[in-house]
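upload_11.cif (mmCIF, C-alpha atoms) appears below.
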data_input
#
loop_
_atom_site.label_atom_id
_atom_site.label_comp_id
_atom_site.auth_asym_id
_atom_site.auth_seq_id
_atom_site.Cartn_x
_atom_site.Cartn_y
_atom_site.Cartn_z
CA MET S 1 84.16 95.53 64.18
CA LEU S 2 85.59 96.12 67.64
CA LEU S 3 84.61 94.15 70.73
CA PRO S 4 81.38 95.79 72.01
CA LEU S 5 82.13 97.73 75.20
CA ILE S 6 79.41 99.59 77.11
CA TYR S 7 79.94 102.68 79.25
CA HIS S 8 78.24 105.94 80.22
CA ASP S 9 79.49 109.15 81.79
CA ASP S 10 76.74 108.75 84.43
CA TYR S 11 78.68 105.87 86.00
CA SER S 12 80.85 107.83 88.45
CA PRO S 13 78.63 110.31 90.32
CA PRO S 14 80.23 112.06 93.30
CA LEU S 15 80.15 110.47 96.75
CA PRO S 16 81.03 112.16 100.05
CA PRO S 17 84.82 112.58 100.53
CA GLY S 18 86.44 109.49 102.01
CA HIS S 19 83.56 107.15 101.18
CA ARG S 20 84.88 103.60 100.91
CA PHE S 21 83.00 102.65 97.76
CA PRO S 22 85.33 103.34 94.78
CA MET S 23 82.77 105.07 92.55
CA GLU S 24 85.46 106.71 90.42
CA LYS S 25 86.76 103.31 89.30
CA PHE S 26 84.30 103.20 86.41
CA ARG S 27 85.57 106.47 84.95
CA LEU S 28 89.18 105.44 85.59
CA LEU S 29 88.53 102.09 83.88
CA ARG S 30 87.27 103.91 80.81
CA ASP S 31 90.29 106.22 80.88
CA HIS S 32 92.69 103.27 81.13
CA LEU S 33 91.10 101.33 78.26
CA VAL S 34 91.22 104.43 76.06
CA ALA S 35 94.82 105.30 77.04
CA SER S 36 95.90 101.71 76.35
CA GLY S 37 94.50 101.90 72.82
CA LEU S 38 92.00 99.08 73.36
CA THR S 39 89.14 101.40 72.45
CA THR S 40 88.25 105.05 71.96
CA ASN S 41 85.76 107.12 73.90
CA GLU S 42 83.72 107.45 70.69
CA ALA S 43 83.62 103.68 70.15
CA LEU S 44 82.15 102.97 73.59
CA LEU S 45 78.42 102.25 73.40
CA ARG S 46 76.15 104.36 75.60
CA PRO S 47 73.16 102.60 77.15
CA ALA S 48 69.67 103.93 77.77
CA LEU S 49 68.04 103.92 81.18
CA CYS S 50 66.59 100.52 82.06
CA PRO S 51 62.76 100.66 81.73
CA THR S 52 60.92 100.37 85.04
CA GLU S 53 58.95 97.38 83.79
CA LEU S 54 62.19 95.43 83.30
CA LEU S 55 63.48 96.36 86.75
CA ALA S 56 60.16 95.10 88.09
CA LEU S 57 60.82 91.63 86.63
CA ALA S 58 63.40 91.14 89.40
CA HIS S 59 62.30 93.70 92.00
CA ASP S 60 59.24 94.72 93.95
CA ARG S 61 57.69 97.64 92.07
CA ALA S 62 57.12 99.61 95.28
CA TYR S 63 60.82 99.26 96.13
CA VAL S 64 61.83 100.42 92.64
CA ASP S 65 59.59 103.48 92.91
CA ARG S 66 60.76 104.22 96.45
CA TYR S 67 64.42 104.14 95.53
CA CYS S 68 64.06 106.13 92.33
CA SER S 69 62.11 108.86 94.13
CA GLY S 70 64.51 108.98 97.08
CA ASP S 71 61.93 107.78 99.60
CA MET S 72 64.42 105.53 101.41
CA SER S 73 64.59 105.14 105.17
CA ARG S 74 67.79 105.67 107.14
CA GLU S 75 67.93 101.93 107.87
CA GLU S 76 67.58 101.07 104.15
CA LEU S 77 70.43 103.42 103.26
CA ARG S 78 72.57 102.00 106.07
CA ARG S 79 72.07 98.50 104.68
CA LEU S 80 72.91 99.75 101.19
CA GLY S 81 76.04 101.59 102.31
CA LEU S 82 75.54 104.51 99.89
CA PRO S 83 73.82 107.88 100.32
CA TRP S 84 70.89 108.68 98.03
CA SER S 85 71.17 111.38 95.39
CA PRO S 86 69.48 112.03 92.02
CA PRO S 87 72.74 111.40 90.10
CA LEU S 88 73.27 108.09 91.91
CA ALA S 89 69.69 107.03 91.23
CA GLN S 90 70.12 107.82 87.53
CA ARG S 91 73.47 106.03 87.47
CA THR S 92 71.86 102.96 89.05
CA VAL S 93 69.10 102.67 86.46
CA ARG S 94 71.49 103.49 83.61
CA ALA S 95 73.95 100.79 84.67
CA VAL S 96 71.26 98.08 84.54
CA GLY S 97 70.49 99.34 81.05
CA GLY S 98 74.18 98.94 80.27
CA SER S 99 74.22 95.30 81.36
CA LEU S 100 71.09 94.63 79.30
CA LEU S 101 72.69 96.21 76.23
CA ALA S 102 75.86 94.19 76.76
CA ALA S 103 73.83 90.98 76.97
CA GLU S 104 71.95 91.81 73.76
CA LEU S 105 75.23 92.45 71.96
CA ALA S 106 76.75 89.25 73.31
CA LEU S 107 73.84 87.30 71.85
CA GLN S 108 74.35 89.03 68.50
CA HIS S 109 78.14 88.77 68.30
CA GLY S 110 79.18 86.09 70.78
CA LEU S 111 80.92 88.38 73.28
CA ALA S 112 80.46 91.81 74.86
CA CYS S 113 81.59 93.52 78.06
CA HIS S 114 80.24 96.18 80.36
CA LEU S 115 82.48 98.66 82.18
CA ALA S 116 80.20 98.27 85.23
CA GLY S 117 77.63 95.76 86.51
CA GLY S 118 77.58 92.75 88.78
CA THR S 119 75.32 94.13 91.53
CA HIS S 120 74.60 90.71 92.96
CA HIS S 121 73.72 91.68 96.55
CA ALA S 122 70.55 93.55 95.50
CA HIS S 123 67.46 91.61 96.62
CA HIS S 124 63.87 91.56 95.40
CA ASP S 125 62.68 94.29 97.75
CA HIS S 126 65.78 95.81 99.33
CA ALA S 127 69.32 97.03 98.72
CA SER S 128 72.42 95.53 100.32
CA GLY S 129 76.19 95.73 100.10
CA PHE S 130 76.44 98.73 97.72
CA CYS S 131 73.92 97.03 95.35
CA ILE S 132 70.54 98.62 94.55
CA PHE S 133 69.10 96.80 91.52
CA ASN S 134 70.36 93.35 90.48
CA ASP S 135 71.48 93.59 86.86
CA LEU S 136 72.32 89.88 86.67
CA ALA S 137 68.77 88.88 87.59
CA VAL S 138 67.23 91.54 85.35
CA ILE S 139 69.23 90.27 82.36
CA ALA S 140 68.23 86.67 83.02
CA LEU S 141 64.53 87.35 83.54
CA SER S 142 64.26 89.81 80.67
CA LEU S 143 65.88 87.48 78.14
CA LEU S 144 63.95 84.43 79.35
CA GLU S 145 60.59 86.23 79.33
CA SER S 146 61.17 87.64 75.84
CA GLY S 147 62.13 84.21 74.51
CA ARG S 148 65.57 85.43 73.41
CA VAL S 149 67.12 82.55 75.34
CA GLY S 150 65.93 79.25 76.74
CA ARG S 151 68.48 79.03 79.53
CA VAL S 152 70.95 81.43 81.15
CA LEU S 153 73.89 80.49 83.38
CA ILE S 154 75.27 83.13 85.75
CA PHE S 155 78.91 82.41 86.60
CA ASP S 156 79.69 84.69 89.53
CA CYS S 157 83.38 84.91 90.47
CA ASP S 158 83.09 87.86 92.84
CA VAL S 159 84.74 87.01 96.18
CA HIS S 160 81.37 87.50 97.93
CA GLN S 161 78.42 85.16 97.42
CA GLY S 162 75.78 86.39 94.98
CA ASP S 163 73.05 86.12 97.60
CA GLY S 164 70.59 88.55 96.00
CA THR S 165 70.85 86.82 92.63
CA ALA S 166 70.33 83.41 94.20
CA ARG S 167 67.20 84.49 96.08
CA ILE S 168 65.61 86.40 93.19
CA LEU S 169 66.13 83.52 90.76
CA GLU S 170 65.54 80.68 93.23
CA HIS S 171 62.34 79.53 91.50
CA THR S 172 63.42 80.29 87.91
CA ALA S 173 64.54 76.88 86.66
CA ASP S 174 66.11 78.18 83.45
CA ALA S 175 68.31 80.72 85.24
CA VAL S 176 71.19 78.72 86.70
CA THR S 177 73.07 80.52 89.47
CA VAL S 178 76.69 79.57 90.15
CA SER S 179 78.64 81.38 92.88
CA LEU S 180 82.40 80.86 93.34
CA HIS S 181 83.14 82.77 96.53
CA CYS S 182 85.18 82.86 99.71
CA ASP S 183 83.20 81.02 102.38
CA ASN S 184 84.35 83.25 105.24
CA ASN S 185 83.21 86.57 103.81
CA PHE S 186 80.15 88.77 103.31
CA PRO S 187 77.27 88.00 103.48
CA ALA S 188 77.28 86.30 106.87
CA ARG S 189 73.99 84.56 106.05
CA LYS S 190 74.43 82.83 102.72
CA ALA S 191 71.62 82.20 100.26
CA ARG S 192 71.30 78.97 98.27
CA SER S 193 72.52 79.24 94.68
CA ASP S 194 71.98 76.36 92.28
CA TRP S 195 75.71 75.76 92.69
CA ASP S 196 77.64 77.26 95.59
CA ILE S 197 81.38 76.67 95.53
CA GLY S 198 82.80 78.00 98.78
CA LEU S 199 86.55 78.62 98.79
CA SER S 200 88.92 78.73 101.76
CA PRO S 201 90.68 82.00 102.63
CA GLY S 202 94.14 82.29 101.15
CA LEU S 203 93.44 80.17 98.06
CA GLY S 204 95.97 80.99 95.34
CA ASP S 205 96.14 81.02 91.56
CA ALA S 206 96.67 77.34 90.73
CA GLU S 207 94.02 75.96 93.08
CA TYR S 208 91.50 78.66 92.12
CA LEU S 209 91.99 78.13 88.38
CA LYS S 210 91.52 74.39 88.79
CA VAL S 211 88.16 75.02 90.45
CA VAL S 212 87.14 77.35 87.60
CA ASP S 213 88.13 74.79 84.95
CA ASP S 214 86.53 71.84 86.73
CA THR S 215 83.30 73.74 87.37
CA LEU S 216 82.85 74.96 83.80
CA ASN S 217 83.88 71.62 82.29
CA TYR S 218 81.07 70.04 84.29
CA LEU S 219 78.33 72.66 84.21
CA LEU S 220 78.47 73.98 80.64
CA PRO S 221 77.87 70.56 79.03
CA LEU S 222 75.29 69.75 81.72
CA TYR S 223 73.12 72.85 81.17
CA GLN S 224 74.10 73.93 77.64
CA PRO S 225 73.04 77.54 78.30
CA ASP S 226 72.22 80.00 75.52
CA LEU S 227 74.13 82.74 77.36
CA VAL S 228 76.67 82.90 80.18
CA ILE S 229 76.68 86.04 82.34
CA TYR S 230 80.17 86.30 83.82
CA ASP S 231 80.67 88.41 86.95
CA ALA S 232 84.42 89.03 86.87
CA GLY S 233 84.88 90.50 90.35
CA VAL S 234 88.49 91.40 91.10
CA ASP S 235 88.04 91.32 94.87
CA VAL S 236 89.60 87.83 94.73
CA HIS S 237 92.95 89.63 94.29
CA ARG S 238 95.46 89.23 97.10
CA ASP S 239 95.63 93.00 97.68
CA ASP S 240 91.89 93.68 97.71
CA THR S 241 90.75 95.34 100.92
CA LEU S 242 87.50 93.32 101.17
CA GLY S 243 88.66 89.96 99.81
CA LEU S 244 90.37 87.05 101.54
CA LEU S 245 91.71 85.10 98.56
CA ASN S 246 95.23 85.26 97.15
CA LEU S 247 95.08 85.69 93.37
CA SER S 248 97.84 87.56 91.57
CA ASP S 249 97.48 89.88 88.58
CA GLU S 250 98.36 86.96 86.32
CA GLY S 251 95.87 84.74 88.13
CA LEU S 252 93.11 87.24 87.38
CA ALA S 253 94.11 87.35 83.72
CA MET S 254 94.21 83.55 83.49
CA ARG S 255 90.78 83.29 85.11
CA ASP S 256 89.19 85.75 82.68
CA ARG S 257 90.77 84.06 79.67
CA ALA S 258 89.68 80.65 80.93
CA VAL S 259 86.03 81.60 81.48
CA ILE S 260 85.74 83.26 78.08
CA GLU S 261 87.46 80.36 76.30
CA HIS S 262 85.30 77.73 78.03
CA CYS S 263 82.21 79.53 76.71
CA LEU S 264 83.35 80.49 73.21
CA GLY S 265 84.93 77.06 72.73
CA ARG S 266 81.43 75.61 73.12
CA ASP S 267 79.81 78.33 70.95
CA ILE S 268 78.10 79.83 74.01
CA PRO S 269 77.82 83.64 73.98
CA VAL S 270 79.26 85.32 77.07
CA VAL S 271 78.71 88.77 78.54
CA GLY S 272 81.20 90.13 81.07
CA VAL S 273 80.43 92.54 83.91
CA ILE S 274 83.10 93.82 86.28
CA GLY S 275 81.73 92.99 89.74
CA GLY S 276 83.43 94.03 92.95
CA GLY S 277 86.89 95.39 93.60
CA TYR S 278 88.19 97.55 96.44
CA ASP S 279 91.53 99.31 96.79
CA LYS S 280 92.53 102.74 98.06
CA ASP S 281 94.62 103.11 94.89
CA ARG S 282 91.70 103.62 92.51
CA ALA S 283 93.86 103.73 89.37
CA LEU S 284 95.44 100.39 90.28
CA LEU S 285 91.97 98.97 90.89
CA ALA S 286 90.79 100.17 87.48
CA ARG S 287 93.73 98.37 85.86
CA ARG S 288 92.69 95.15 87.60
CA HIS S 289 89.17 95.48 86.24
CA ALA S 290 90.57 96.22 82.77
CA GLN S 291 91.96 92.70 82.57
CA LEU S 292 88.47 91.43 81.73
CA HIS S 293 88.31 93.71 78.70
CA PHE S 294 91.83 92.92 77.52
CA SER S 295 91.11 89.20 77.78
CA ALA S 296 87.82 89.63 75.95
CA ALA S 297 89.43 91.67 73.15
CA GLU S 298 92.09 88.99 72.74
CA ALA S 299 89.40 86.28 72.49
CA TRP S 300 87.37 88.45 70.08
CA ARG S 301 90.32 88.55 67.69
CA ARG S 302 91.27 84.92 68.14
CA HIS S 303 87.76 83.65 67.41
CA GLY S 304 87.12 86.10 64.57
CA LEU S 305 83.93 87.43 66.15
CA GLY S 306 81.82 90.29 64.88
#

Can the structure in the file be given as structure tokens, please?
Amino acid sequence: MLLPLIYHDDYSPPLPPGHRFPMEKFRLLRDHLVASGLTTNEALLRPALCPTELLALAHDRAYVDRYCSGDMSREELRRLGLPWSPPLAQRTVRAVGGSLLAAELALQHGLACHLAGGTHHAHHDHASGFCIFNDLAVIALSLLESGRVGRVLIFDCDVHQGDGTARILEHTADAVTVSLHCDNNFPARKARSDWDIGLSPGLGDAEYLKVVDDTLNYLLPLYQPDLVIYDAGVDVHRDDTLGLLNLSDEGLAMRDRAVIEHCLGRDIPVVGVIGGGYDKDRALLARRHAQLHFSAAEAWRRHGLG
């Protein structure tokens, strides 16, 4: 059995020309993984739309209905940073379904990855920072409520703090939020995660990887989660247009391998989502995101999963 990878053709709806959000990166990521021989288009698993009742575990039902119907104010869309359209609304709901499917498969097989996900700036009743519905919070609350897990740990390595995740899950004791982010970056007003690890601008590979190792060596034995949700944002890369850290391509690869190995080495299932990444060269950006999936496929083989 191949490493479970989740994708849908809905993931790259058109945006206005010149829009700064790299919506085509999801399609280009799929193309790169197929061209590299890691998977085939037929082997990719297609998710269903996330049911409204699961979205409502993390979000105000009126907000969910308002967004899905397109009844968003100009101020709400400004805060989101994306225009509303029916294809984007469908993509949004489908992508949360993709993260849910990836989490289910990770619990079954030990490891799975989504070719999207990591919308950690979405709050209970509003959108923010290109994020509409918070797939990380939906996964955690859905699995906890169903009894599939007793504790979830969200390990968020996007360069920006996972403020929406922290606020949604603030009073959910068995959803542990960990945010490894650049202190001097969006959002200006930080939330309070269970564990906030603020990093200085310019931090490079060696120092960053030491923080990753030290954090997981401490927190995984402390909490012993039944699932780790790993947000593998590549906006920590030195060439990212919205990041302020200094990781190289190899640093990204070493980070992804380290996170996966820390989890699998303790028999903790891990699901990977791609998080943020911004570069005018969209194909180059897709290759950065692909490192998560290459690292996961390598670990899948090494641990004999499936």

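Proximity to Leu77 of chain S at 12 Å, evaluated using all atoms listed in the file and with sequence-adjacent residues fewer than 5 positions away removed, yields Arg66, Tyr67, Gly70, Asp71, Met72, Leu82, Pro83, Trp84, Ser85, His126, Ala127, Ser128, Gly129, Phe130, Cys131 and Ile132 of chain S.
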
* Please provide as JSON, numbers by chain all residues within 8 Å of Pro4 of chain S, with the sequence filter that same-chain residues fewer than 2 positions apart are discarded (counting only C-alpha atoms). => {"S": [2, 6, 44, 45, 102, 105, 111, 112, 113]}

* Asked: Once the PyMOL selection byres ((chain S and resi 187) around 10) has been applied to the shown file, what residues remain in the selection, as a count of residues only?
  -> 15

* To do: For the point (84.0, 79.0, 80.9) in the file's frame, write as a VMD selection string all residues with an atom no more than 12 Å away, counting all atoms listed in the file.
  => chain S and resid 153 to 157 178 209 to 221 224 to 225 227 to 232 254 to 272

* Residues in the PyMOL selection byres ((chain S and resi 23) around 12), expressed as a VMD selection string -> chain S and resid 9 to 22 24 to 29 82 88 91 to 92 116 130 276 to 280 282 to 283 285 to 286

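Coordinates place atom CA of Pro47 of chain S at a distance of 23.5 Å from atom CA of Ala299 of chain S.
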
* **Residue with smallest distance to Leu5 of chain S - pool S:Ala35, S:Ala166, S:Leu101, S:Leu203, counting all atoms listed in the file** =>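 Answer, going by the shortest atom-to-atom distance: S:Leu101.
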
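Residue nearest Leu54 of chain S within the list S:Phe133, S:Asp174, S:Gly150, S:Val236: S:Phe133 [criterion: smallest interatomic distance, only C-alpha atoms].
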
* Structure fact -> Between atom CA of Ser36 of chain S and atom CA of Leu252 of chain S lies a distance of 18.4 Å

* **Pairwise distance for atom CA of His120 of chain S and atom CA of Leu80 of chain S, rounded to one decimal in Å** =>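 So the two atoms, atom CA of His120 of chain S and atom CA of Leu80 of chain S, lie 12.3 Å apart.
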
* Asked: Care to translate the PyMOL selection byres ((chain S and resi 55-65) around 8) into actual residues of this file, as a ChimeraX atom specification?
  -> /S:50-54,66-69,123-126,133-134,137-138,141-142,168

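Take the candidates S:Leu244, S:Val176, S:Ala95, S:Val234 and check each one against Trp195 of chain S using all atoms listed in the file; the shortest distance goes to S:Val176.
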
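Nearest residue to Gly202 of chain S, choosing from S:Arg30, S:Arg288, S:Arg302, S:Arg238 and counting all atoms listed in the file: S:Arg238.
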
Enclose the full set of atoms of segment 79-83 of chain S listed in the file within a box whose edges lie along x, y and z, apply 8 Å of padding to each of the six sides, and report centre and edge lengths in Å to one decimal as AutoDock Vina command-line options.
--center_x 74.1 --center_y 103.2 --center_z 102.3 --size_x 20.0 --size_y 25.4 --size_z 20.8

* Asked: Using only C-alpha atoms, which of S:Leu222, S:Leu305, S:Ile274, S:Val152 sits nearest Asp235 of chain S?
  ->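 Looking only at the distances to Asp235 of chain S, the closest residue turns out to be S:Ile274.
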
* Nearest residue to Gly204 of chain S from the set S:Leu292, S:Ala173, S:Leu247, S:Leu3 (distances using all atoms listed in the file) -> S:Leu247
